[in-house]
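Colleague: Here you go, upload.txt (compact mmCIF, C-alpha atoms):
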```txt
# COMPACT_ATOMS: atom_id res chain seq x y z
CA MET A 1 9.26 -14.50 36.46
CA PHE A 2 12.22 -16.80 35.87
CA ASN A 3 15.48 -15.92 34.14
CA ILE A 4 15.38 -18.94 31.83
CA GLN A 5 12.75 -21.13 30.24
CA LEU A 6 12.11 -23.96 32.68
CA PRO A 7 11.30 -27.45 31.37
CA ASN A 8 7.81 -27.73 29.87
CA ILE A 9 7.16 -31.44 30.24
CA LYS A 10 3.74 -33.00 30.59
CA PRO A 11 4.18 -36.22 32.56
CA SER A 12 2.29 -39.37 31.62
CA VAL A 13 0.39 -41.49 34.13
CA LEU A 14 1.58 -45.06 34.71
CA ALA A 15 -0.36 -47.87 36.38
CA VAL A 16 2.04 -49.92 38.52
CA LYS A 17 1.76 -53.18 40.41
CA LEU A 18 4.46 -54.25 42.83
CA SER A 19 5.68 -57.46 44.38
CA ALA A 20 4.67 -58.35 47.93
CA THR A 21 7.93 -56.77 49.13
CA GLY A 22 7.20 -53.58 47.22
CA GLU A 23 3.66 -53.35 48.54
CA ARG A 24 4.90 -53.84 52.09
CA SER A 25 7.36 -51.01 51.55
CA VAL A 26 4.55 -48.68 50.41
CA ARG A 27 2.36 -49.64 53.39
CA ASP A 28 5.31 -48.92 55.70
CA GLY A 29 5.64 -45.42 54.20
CA HIS A 30 9.09 -46.00 52.70
CA PRO A 31 10.04 -43.58 49.88
CA TRP A 32 11.99 -46.04 47.71
CA ILE A 33 10.68 -48.73 45.35
CA PHE A 34 13.50 -50.71 43.75
CA SER A 35 13.19 -52.00 40.20
CA ASP A 36 13.12 -55.64 41.30
CA SER A 37 9.94 -54.89 43.29
CA VAL A 38 8.10 -53.66 40.19
CA GLU A 39 6.04 -56.50 38.69
CA LYS A 40 4.06 -54.66 36.03
CA ILE A 41 3.80 -51.20 34.42
CA ASN A 42 1.13 -50.60 31.80
CA LYS A 43 3.49 -48.72 29.43
CA ASN A 44 7.00 -47.40 29.02
CA GLY A 45 7.68 -44.34 31.11
CA LEU A 46 10.00 -41.32 31.23
CA PRO A 47 11.62 -39.60 34.24
CA GLY A 48 8.97 -37.80 36.28
CA ASP A 49 5.98 -39.75 34.98
CA VAL A 50 3.32 -40.26 37.64
CA ALA A 51 3.40 -43.81 38.99
CA ILE A 52 0.04 -44.84 40.47
CA ILE A 53 0.57 -47.84 42.73
CA PHE A 54 -2.29 -50.36 42.68
CA SER A 55 -2.61 -53.18 45.22
CA HIS A 56 -2.66 -56.78 44.02
CA THR A 57 -5.59 -57.99 46.03
CA LYS A 58 -8.20 -55.23 45.92
CA ASN A 59 -6.83 -53.20 43.01
CA ASN A 60 -7.00 -50.07 45.22
CA VAL A 61 -4.65 -47.13 44.83
CA MET A 62 -1.99 -47.41 47.54
CA GLY A 63 0.06 -44.32 46.75
CA VAL A 64 1.72 -42.14 44.14
CA GLY A 65 5.36 -41.93 43.12
CA LEU A 66 7.55 -40.48 40.38
CA TYR A 67 9.00 -42.89 37.85
CA ASP A 68 12.78 -42.92 37.40
CA PRO A 69 13.93 -45.39 34.72
CA ASP A 70 17.55 -44.23 35.09
CA SER A 71 17.89 -45.41 38.69
CA PRO A 72 17.79 -48.77 40.50
CA ILE A 73 15.22 -47.01 42.71
CA SER A 74 12.76 -46.90 39.85
CA ILE A 75 9.90 -45.26 41.78
CA LYS A 76 10.33 -42.49 44.33
CA MET A 77 7.21 -42.27 46.46
CA ILE A 78 5.87 -38.78 47.17
CA HIS A 79 2.46 -39.71 48.56
CA HIS A 80 1.25 -42.68 50.58
CA ASP A 81 -2.32 -43.53 51.47
CA GLY A 82 -4.28 -43.47 48.23
CA GLY A 83 -4.31 -41.24 45.19
CA VAL A 84 -3.59 -37.53 44.82
CA LYS A 85 -3.33 -34.92 42.09
CA LEU A 86 0.20 -33.53 41.66
CA ASP A 87 -0.68 -29.86 41.27
CA GLU A 88 0.41 -26.55 42.82
CA ASN A 89 -1.87 -27.07 45.80
CA PHE A 90 -0.31 -30.48 46.54
CA PHE A 91 3.29 -29.22 46.47
CA ASN A 92 2.41 -25.99 48.30
CA LYS A 93 0.95 -27.93 51.23
CA LYS A 94 4.04 -30.13 51.47
CA ILE A 95 6.41 -27.15 51.40
CA LYS A 96 4.34 -25.21 53.96
CA TYR A 97 4.46 -28.20 56.28
CA ALA A 98 8.23 -28.57 55.83
CA HIS A 99 8.68 -24.87 56.60
CA SER A 100 6.59 -25.19 59.78
CA LEU A 101 8.97 -27.89 61.08
CA ARG A 102 11.80 -25.33 60.95
CA LYS A 103 9.91 -22.69 62.93
CA SER A 104 11.90 -23.10 66.17
CA LEU A 105 15.19 -22.68 64.29
CA LEU A 106 13.99 -19.59 62.45
CA GLU A 107 13.15 -17.94 65.78
CA THR A 108 16.87 -17.95 66.66
CA ASN A 109 19.47 -15.57 65.22
CA THR A 110 19.81 -17.88 62.19
CA ASN A 111 18.97 -17.16 58.56
CA SER A 112 20.37 -20.32 56.96
CA TYR A 113 18.46 -23.60 56.94
CA ARG A 114 17.48 -26.63 54.90
CA LEU A 115 13.91 -26.11 53.76
CA LEU A 116 13.57 -29.42 51.92
CA PHE A 117 15.55 -32.47 53.02
CA GLY A 118 14.84 -34.82 50.13
CA GLU A 119 12.94 -37.99 50.99
CA SER A 120 12.42 -36.99 54.61
CA ASP A 121 10.25 -34.05 53.50
CA GLY A 122 8.55 -35.99 50.71
CA PHE A 123 10.83 -34.71 47.91
CA PRO A 124 13.17 -37.61 47.00
CA GLY A 125 16.35 -36.34 45.37
CA PHE A 126 15.42 -32.68 45.93
CA ILE A 127 17.35 -30.43 48.35
CA ALA A 128 16.46 -26.80 49.07
CA ASP A 129 18.80 -24.72 51.26
CA VAL A 130 18.34 -21.08 52.23
CA TYR A 131 21.32 -18.77 52.80
CA ALA A 132 20.05 -15.34 53.90
CA ASP A 133 17.88 -14.27 50.94
CA VAL A 134 19.27 -16.83 48.47
CA LEU A 135 17.65 -20.22 47.87
CA VAL A 136 19.86 -22.98 46.48
CA ILE A 137 18.16 -26.06 45.15
CA LYS A 138 20.10 -29.20 44.31
CA LEU A 139 18.53 -31.88 42.15
CA TYR A 140 19.73 -35.48 42.10
CA SER A 141 17.13 -36.83 39.66
CA ALA A 142 15.42 -35.70 36.45
CA ILE A 143 12.06 -36.78 37.92
CA TRP A 144 11.61 -33.20 39.16
CA PHE A 145 11.96 -31.43 35.81
CA PRO A 146 8.21 -31.57 34.94
CA TYR A 147 7.28 -30.03 38.31
CA LEU A 148 10.12 -27.58 38.76
CA GLU A 149 8.27 -24.37 37.91
CA MET A 150 5.35 -24.83 40.32
CA ILE A 151 7.62 -26.08 43.11
CA LEU A 152 9.93 -23.07 42.72
CA LYS A 153 7.01 -20.65 42.83
CA SER A 154 5.93 -22.17 46.14
CA LEU A 155 9.47 -22.22 47.57
CA ILE A 156 10.01 -18.55 46.69
CA LYS A 157 6.69 -17.50 48.21
CA ILE A 158 7.14 -19.43 51.45
CA SER A 159 10.85 -18.69 52.03
CA LYS A 160 10.61 -15.06 50.82
CA VAL A 161 13.98 -15.29 49.07
CA LYS A 162 15.10 -12.86 46.40
CA THR A 163 17.32 -15.20 44.40
CA VAL A 164 17.26 -18.87 43.37
CA VAL A 165 20.33 -20.84 42.25
CA LEU A 166 20.19 -24.27 40.64
CA ARG A 167 22.76 -26.94 41.46
CA LEU A 168 22.78 -30.33 39.74
CA SER A 169 24.28 -33.68 40.69
CA ARG A 170 27.13 -34.96 38.53
CA ILE A 171 24.78 -37.38 36.77
CA LEU A 172 22.36 -34.59 35.86
CA GLN A 173 25.23 -32.37 34.71
CA GLN A 174 26.09 -35.11 32.20
CA ASN A 175 22.48 -35.34 31.00
CA THR A 176 22.74 -34.10 27.41
CA LYS A 177 18.94 -34.08 27.00
CA SER A 178 18.51 -31.32 29.61
CA GLU A 179 19.11 -27.63 28.93
CA LEU A 180 19.45 -26.91 32.66
CA LYS A 181 23.01 -26.10 33.76
CA ASP A 182 24.67 -26.33 37.16
CA GLY A 183 25.10 -22.93 38.81
CA THR A 184 22.34 -21.20 36.84
CA VAL A 185 20.61 -18.28 38.57
CA LEU A 186 16.98 -19.20 37.94
CA PHE A 187 15.36 -16.26 39.69
CA GLY A 188 16.47 -12.79 40.75
CA ASN A 189 20.03 -11.49 40.63
CA LEU A 190 23.29 -12.66 42.18
CA THR A 191 25.89 -9.90 42.47
CA ASN A 192 28.30 -12.09 44.43
CA GLU A 193 28.41 -15.88 44.34
CA THR A 194 29.64 -15.89 47.97
CA ILE A 195 26.74 -15.31 50.37
CA VAL A 196 27.23 -14.27 54.01
CA PHE A 197 24.71 -15.77 56.42
CA ARG A 198 24.15 -16.21 60.18
CA GLU A 199 24.14 -19.33 62.30
CA TYR A 200 23.06 -18.61 65.89
CA GLY A 201 24.55 -15.13 65.52
CA VAL A 202 27.86 -16.39 64.10
CA ASN A 203 28.70 -15.31 60.54
CA PHE A 204 29.66 -17.70 57.75
CA SER A 205 29.87 -17.63 53.96
CA ALA A 206 28.84 -20.05 51.24
CA ASN A 207 29.78 -20.08 47.57
CA VAL A 208 26.41 -21.02 46.12
CA ILE A 209 27.73 -21.46 42.56
CA LYS A 210 30.89 -23.51 43.01
CA GLY A 211 30.77 -24.65 46.65
CA HIS A 212 30.42 -28.30 47.67
CA LYS A 213 26.80 -29.56 47.76
CA THR A 214 24.79 -26.30 47.98
CA GLY A 215 27.73 -24.29 49.33
CA TYR A 216 27.92 -25.33 52.98
CA PHE A 217 27.07 -28.13 55.43
CA LEU A 218 24.08 -27.12 57.55
CA ASP A 219 23.46 -30.42 59.33
CA HIS A 220 26.08 -29.92 62.09
CA ARG A 221 24.75 -26.48 63.07
CA ASP A 222 23.62 -27.45 66.58
CA ASN A 223 26.86 -29.32 67.28
CA ARG A 224 28.93 -26.34 66.14
CA LYS A 225 26.99 -24.09 68.49
CA ARG A 226 27.48 -26.50 71.39
CA VAL A 227 31.21 -26.90 70.76
CA GLY A 228 31.52 -23.12 70.65
CA GLU A 229 29.82 -22.79 74.03
CA LEU A 230 32.16 -25.42 75.49
CA SER A 231 35.32 -23.80 74.11
CA LYS A 232 35.57 -20.53 76.05
CA GLY A 233 39.16 -20.00 77.18
CA LYS A 234 40.16 -23.35 75.68
CA ARG A 235 42.68 -24.64 73.15
CA VAL A 236 40.77 -26.35 70.32
CA LEU A 237 41.72 -28.74 67.51
CA ASP A 238 39.25 -28.99 64.61
CA VAL A 239 40.13 -32.03 62.45
CA PHE A 240 38.66 -32.28 58.93
CA SER A 241 37.74 -28.65 59.48
CA TYR A 242 36.70 -27.89 55.87
CA ALA A 243 35.39 -24.28 55.96
CA GLY A 244 35.98 -24.02 59.70
CA GLY A 245 32.48 -24.54 61.10
CA PHE A 246 33.58 -25.73 64.53
CA SER A 247 36.65 -23.47 64.49
CA VAL A 248 34.63 -20.31 63.87
CA HIS A 249 32.07 -21.03 66.59
CA ALA A 250 34.87 -21.80 69.07
CA LEU A 251 36.68 -18.54 68.35
CA ALA A 252 33.47 -16.51 68.33
CA LYS A 253 32.64 -17.88 71.79
CA GLY A 254 36.01 -17.10 73.33
CA ALA A 255 38.46 -19.93 72.59
CA LYS A 256 42.02 -18.78 73.22
CA GLU A 257 43.49 -20.80 70.33
CA VAL A 258 42.01 -22.88 67.52
CA VAL A 259 43.88 -25.10 65.09
CA SER A 260 42.01 -26.03 61.89
CA LEU A 261 43.35 -29.16 60.18
CA ASP A 262 42.32 -30.15 56.65
CA ILE A 263 43.95 -31.68 53.59
CA SER A 264 42.53 -28.94 51.35
CA VAL A 265 44.39 -25.63 51.24
CA GLN A 266 41.36 -24.10 49.54
CA ALA A 267 39.08 -25.22 52.38
CA LEU A 268 41.44 -23.72 54.95
CA GLU A 269 41.33 -20.41 53.08
CA LEU A 270 37.53 -20.54 53.41
CA ALA A 271 37.98 -21.21 57.12
CA LYS A 272 40.22 -18.15 57.44
CA ASP A 273 37.65 -16.04 55.59
CA ASN A 274 34.88 -17.24 57.90
CA VAL A 275 36.97 -16.51 60.97
CA ARG A 276 37.49 -12.95 59.72
CA LEU A 277 33.73 -12.45 59.47
CA ASN A 278 33.47 -12.57 63.29
CA LYS A 279 34.94 -10.69 66.24
CA HIS A 280 37.32 -12.78 68.34
CA THR A 281 40.40 -12.41 70.50
CA GLY A 282 41.80 -15.92 70.11
CA THR A 283 44.50 -17.15 67.77
CA HIS A 284 43.62 -19.12 64.64
CA LYS A 285 46.16 -21.49 63.11
CA THR A 286 45.81 -23.86 60.17
CA ILE A 287 47.49 -27.13 59.23
CA SER A 288 47.22 -28.50 55.70
CA GLY A 289 47.79 -32.21 55.33
CA ASP A 290 46.46 -35.74 55.75
CA ALA A 291 44.52 -35.82 59.01
CA PHE A 292 45.91 -39.16 60.20
CA SER A 293 49.54 -38.18 59.52
CA GLU A 294 49.19 -34.70 60.99
CA MET A 295 47.52 -36.00 64.14
CA GLU A 296 50.38 -38.48 64.57
CA ARG A 297 52.83 -35.61 64.18
CA LEU A 298 51.00 -33.51 66.78
CA ILE A 299 51.08 -36.46 69.21
CA LYS A 300 54.81 -36.94 68.59
CA ASN A 301 55.32 -33.25 69.36
CA LYS A 302 53.39 -33.73 72.63
CA GLU A 303 50.63 -31.30 71.60
CA ARG A 304 47.47 -31.47 73.71
CA PHE A 305 44.13 -29.71 73.33
CA ASP A 306 41.25 -28.96 75.69
CA VAL A 307 38.70 -29.67 72.95
CA VAL A 308 39.29 -32.02 70.02
CA VAL A 309 36.66 -32.28 67.27
CA ILE A 310 37.00 -35.00 64.62
CA ASP A 311 34.36 -34.79 61.88
CA PRO A 312 35.55 -36.77 58.84
CA PRO A 313 33.84 -37.11 55.45
CA SER A 314 31.86 -40.25 54.74
CA PHE A 315 34.10 -43.33 54.89
CA ALA A 316 31.46 -45.83 53.72
CA LYS A 317 29.65 -44.95 50.52
CA SER A 318 28.90 -48.62 49.79
CA GLN A 319 28.24 -51.77 51.81
CA LYS A 320 31.67 -53.22 51.04
CA GLU A 321 33.41 -50.22 52.63
CA ILE A 322 31.86 -50.62 56.10
CA THR A 323 34.65 -52.75 57.61
CA VAL A 324 37.40 -50.38 56.46
CA ALA A 325 35.36 -47.38 57.57
CA LEU A 326 34.99 -48.73 61.11
CA LYS A 327 38.76 -49.27 61.26
CA LYS A 328 39.29 -45.64 60.28
CA TYR A 329 36.83 -44.44 62.93
CA ARG A 330 38.63 -46.53 65.56
CA LEU A 331 42.00 -45.10 64.55
CA LEU A 332 40.65 -41.53 64.68
CA ALA A 333 39.24 -42.16 68.14
CA GLN A 334 42.62 -43.53 69.30
CA LEU A 335 44.45 -40.49 67.93
CA GLY A 336 41.83 -38.17 69.40
CA VAL A 337 42.25 -39.62 72.88
CA LYS A 338 46.01 -39.06 72.72
CA LEU A 339 45.52 -35.44 71.67
CA THR A 340 42.94 -34.56 74.32
CA ALA A 341 44.27 -33.02 77.52
CA ARG A 342 43.31 -34.18 80.98
CA GLY A 343 39.85 -32.81 81.74
CA GLY A 344 39.34 -32.16 78.04
CA LEU A 345 36.52 -32.92 75.63
CA LEU A 346 36.72 -35.26 72.63
CA VAL A 347 33.99 -34.92 69.99
CA LEU A 348 33.70 -37.72 67.43
CA ALA A 349 31.28 -37.51 64.50
CA SER A 350 30.24 -39.61 61.52
CA CYS A 351 28.21 -38.75 58.42
CA SER A 352 28.41 -42.26 56.91
CA SER A 353 24.81 -43.40 56.43
CA ARG A 354 25.89 -47.03 56.06
CA ILE A 355 27.45 -46.97 59.54
CA SER A 356 24.68 -47.30 62.10
CA SER A 357 24.63 -45.19 65.25
CA THR A 358 24.93 -48.38 67.29
CA ALA A 359 28.04 -49.50 65.42
CA PHE A 360 29.65 -46.06 65.53
CA PHE A 361 29.13 -45.43 69.24
CA ARG A 362 30.09 -49.01 70.12
CA SER A 363 33.33 -48.57 68.15
CA ASN A 364 34.11 -45.30 69.99
CA GLU A 365 33.35 -46.75 73.39
CA LYS A 366 35.55 -49.78 72.78
CA VAL A 367 38.50 -47.53 71.96
CA LEU A 368 37.81 -45.28 74.94
CA ASP A 369 37.58 -48.28 77.30
CA GLU A 370 40.91 -49.58 76.04
CA SER A 371 42.66 -46.23 76.50
CA ASN A 372 43.22 -46.66 80.26
CA ARG A 373 41.93 -43.13 80.81
CA SER A 374 38.87 -42.19 82.85
CA ILE A 375 36.33 -41.23 80.18
CA THR A 376 32.61 -40.59 80.42
CA THR A 377 30.07 -40.11 77.64
CA PHE A 378 28.89 -36.52 77.92
CA LEU A 379 26.31 -36.45 75.12
CA LYS A 380 25.13 -38.13 71.91
CA THR A 381 23.42 -36.13 69.15
CA THR A 382 21.93 -36.61 65.69
CA HIS A 383 20.54 -34.32 62.97
CA ASP A 384 19.50 -30.73 63.56
CA VAL A 385 15.81 -29.79 63.35
CA ASP A 386 15.96 -28.84 59.65
CA HIS A 387 17.18 -32.35 58.79
CA PRO A 388 14.20 -34.45 59.95
CA VAL A 389 14.49 -38.22 59.53
CA THR A 390 11.40 -40.14 58.42
CA PHE A 391 12.99 -43.38 57.17
CA ALA A 392 15.93 -45.50 58.32
CA GLU A 393 18.27 -44.78 55.41
CA GLY A 394 17.79 -41.04 55.89
CA SER A 395 19.63 -41.16 59.21
CA TYR A 396 23.33 -40.53 58.72
CA LEU A 397 24.64 -38.00 61.26
CA LYS A 398 25.80 -39.04 64.71
CA CYS A 399 28.05 -37.25 67.14
CA GLY A 400 29.47 -38.31 70.51
CA TYR A 401 30.89 -36.01 73.20
CA TYR A 402 33.36 -37.65 75.59
CA LYS A 403 34.85 -36.11 78.74
CA LEU A 404 38.36 -37.25 79.60
CA LYS A 405 38.71 -36.96 83.36
CA SER A 406 42.28 -38.23 83.48
```
Just give me the structure of the file as structure tokens.
Modeller:
Amino acid sequence: MFNIQLPNIKPSVLAVKLSATGERSVRDGHPWIFSDSVEKINKNGLPGDVAIIFSHTKNNVMGVGLYDPDSPISIKMIHHDGGVKLDENFFNKKIKYAHSLRKSLLETNTNSYRLLFGESDGFPGFIADVYADVLVIKLYSAIWFPYLEMILKSLIKISKVKTVVLRLSRILQQNTKSELKDGTVLFGNLTNETIVFREYGVNFSANVIKGHKTGYFLDHRDNRKRVGELSKGKRVLDVFSYAGGFSVHALAKGAKEVVSLDISVQALELAKDNVRLNKHTGTHKTISGDAFSEMERLIKNKERFDVVVIDPPSFAKSQKEITVALKKYRLLAQLGVKLTARGGLLVLASCSSRISSTAFFRSNEKVLDESNRSITTFLKTTHDVDHPVTFAEGSYLKCGYYKLKS
């Protein structure tokens, strides 16, 4: 069935007792057990071994996780509330349930979606994205190697894809013990590594072999659609445009001019390609350069836009970067206000999981209040339906829409 021999690993079963903090985490349904919460394991384990969590007091089984000795999160929980057998039936039920949560999205003119969103769907460190009839899985931990074959069989059956591509995190790519390679076509054939797919009737492409993450960013789908609907007849600036998600939707929905700004020339070429996949009458321009410098230059040249979208990459990948990240968000908001025309719309987004929604929106509102312009909050959004959030750390995306009346 598969193009290569998948790992044939029989996981061991470990008996685990946790500290009071660890037990509380399991009772609360959290997917992560850190190594300092592990008090006792009956034997040495390997990645993917089944960790049975026993309670201190009654010695009852509290839940089941997968052991990961290579990570500070040494146990990734995949089942709470007692014991369970990790067989095809178990994984099939979880994947069917995840697929059912995407039903409303799949009833639209969309054939690209995230089928498994890691921890939030009960698959820590496991991402599964569908682009048309191609499934791309990305693994961030070797804990999934022993279960890969039966999970893939279920994913293929439920998603009805014809091809499966494997992507690996940088850490797994450096794992010399594994024969799995990044970009391998595990199932079916791939005649072109660039896949064209639809998002609410708008066409895009993803390079599923070499593209960032799994090839595209699906989480902003609903925001891209909304910006497109609000851009008819407007002049739009898309900052940190990457492959032109917001730009393409704006043009497809009738924007008269769109400027895509990104530091990567390669990303802007992808944006141009995506624009060409759709009918439009507007003009598409690109600017390659540092976003902060280029926005300053546009302000100096007295450029103004009816819609300004600022969607930067994550500024805070660790706790110590939060302060600097908030300064960057404030500066982007200040620049965005200056570039937004009277009566225009400013859209500010953040994908930094370490920046809370409260902190992000408070930072935006402080800048907007200090701008001496009449500004109202139009809308606040989070993840799209195929990115459900079931634990606090899984929430990263936030987006604010601000109407500048004067």
Colleague: So the first atom is atom CA of Tyr216 of chain A and the second is atom CA of Val185 of chain A; what is the distance between them in Å, to one decimal place?
Modeller: 17.6 Å
Colleague: Return the single residue from A:Arg226, A:Lys210, A:Lys76, A:Arg114 that is closest to Trp144 of chain A, with distances computed using all atoms listed in the file.
Modeller: A:Lys76
Colleague: I'd like the neighbourhood of segment 12-22 of chain A as a ChimeraX atom specification, where a residue qualifies if any of its atoms comes within 7 Å (using only C-alpha atoms), though same-chain residues fewer than 4 positions away should be ignored.
Modeller: /A:26,33,37-43,49-56
Colleague: So that I can check the surroundings of Val367 of chain A, please list as a VMD selection string every protein, DNA and RNA residue that reaches within 7 Å of it, counting only C-alpha atoms and ignoring chain neighbours fewer than 3 positions away.
Modeller: chain A and resid 330 333 to 334 363 to 364 370 to 371
Colleague: Go through A:Leu277, A:Val308, A:Ala128, A:Ile9 and flag the residue nearest Phe197 of chain A, using only C-alpha atoms for the distances.
Modeller: A:Leu277
Colleague: With a distance cut-off of 9 Å and all atoms listed in the file, select the neighbouring residues of Leu218 of chain A, excluding the residue or stretch itself and same-chain residues fewer than 3 positions from it, and output the selection as a PyMOL selection string.
Modeller: chain A and resi 112-114+129+221+384+386-387
Colleague: Just give me the gap between atom CA of Val164 of chain A and atom CA of Leu135 of chain A in Å, one decimal is fine.
Modeller: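 Calculated distance between atom CA of Val164 of chain A and atom CA of Leu135 of chain A is 4.7 Å.
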Colleague: Rank nothing, just name the residue among A:Phe361, A:Tyr200, A:Phe2, A:Tyr401 nearest to Val347 of chain A, using only C-alpha atoms.
Modeller: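 Nearest candidate to Val347 of chain A out of A:Phe361, A:Tyr200, A:Phe2, A:Tyr401: A:Tyr401.
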Colleague: Find the distance between atom CA of Val258 of chain A and atom CA of Phe246 of chain A and write it in Å to one decimal.
Modeller: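 Result for atom CA of Val258 of chain A versus atom CA of Phe246 of chain A: 9.4 Å, one decimal.
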Colleague: Leaving out Ala255 of chain A and any residue of its chain fewer than 6 positions from it, which residues lie within 7 Å of it when counting all atoms listed in the file, given as number ranges by chain?
Modeller: A: 231-235, 282
Colleague: Using only C-alpha atoms, please write the residues we just selected to a file, as a PDB file, in the frame of the given file.
Modeller:
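Generated file (selection.pdb):
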```pdb
ATOM      1  CA  SER A 231      35.320 -23.800  74.110  1.00  0.00           C
ATOM      2  CA  LYS A 232      35.570 -20.530  76.050  1.00  0.00           C
ATOM      3  CA  GLY A 233      39.160 -20.000  77.180  1.00  0.00           C
ATOM      4  CA  LYS A 234      40.160 -23.350  75.680  1.00  0.00           C
ATOM      5  CA  ARG A 235      42.680 -24.640  73.150  1.00  0.00           C
ATOM      6  CA  GLY A 282      41.800 -15.920  70.110  1.00  0.00           C
TER       7      GLY A 282
END
```
Colleague: For Asp369 of chain A, which residue among A:Ile299, A:Val307, A:Leu404, A:Leu339 is the nearest when counting all atoms listed in the file?
Modeller: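 Among A:Ile299, A:Val307, A:Leu404, A:Leu339, it is A:Leu404 that comes nearest to Asp369 of chain A.
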Colleague: Could you pull the residues within 10 Å of Phe126 of chain A, counting only C-alpha atoms, minus those fewer than 2 positions along the same chain, as a VMD selection string?
Modeller: chain A and resid 116 to 119 121 to 124 128 137 to 144 168
Colleague: Rank A:Val236, A:Ala250, A:Ala132, A:Ile158 by their smallest atom-to-atom distance to Thr194 of chain A, using all atoms listed in the file, and report the top residue only.
Modeller: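 Selected residue with least distance to Thr194 of chain A: A:Ala132.
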Colleague: For Thr323 of chain A, which residue among A:Asn175, A:Pro388, A:Arg354, A:Asn189 is the nearest when counting all atoms listed in the file?
Modeller: A:Arg354
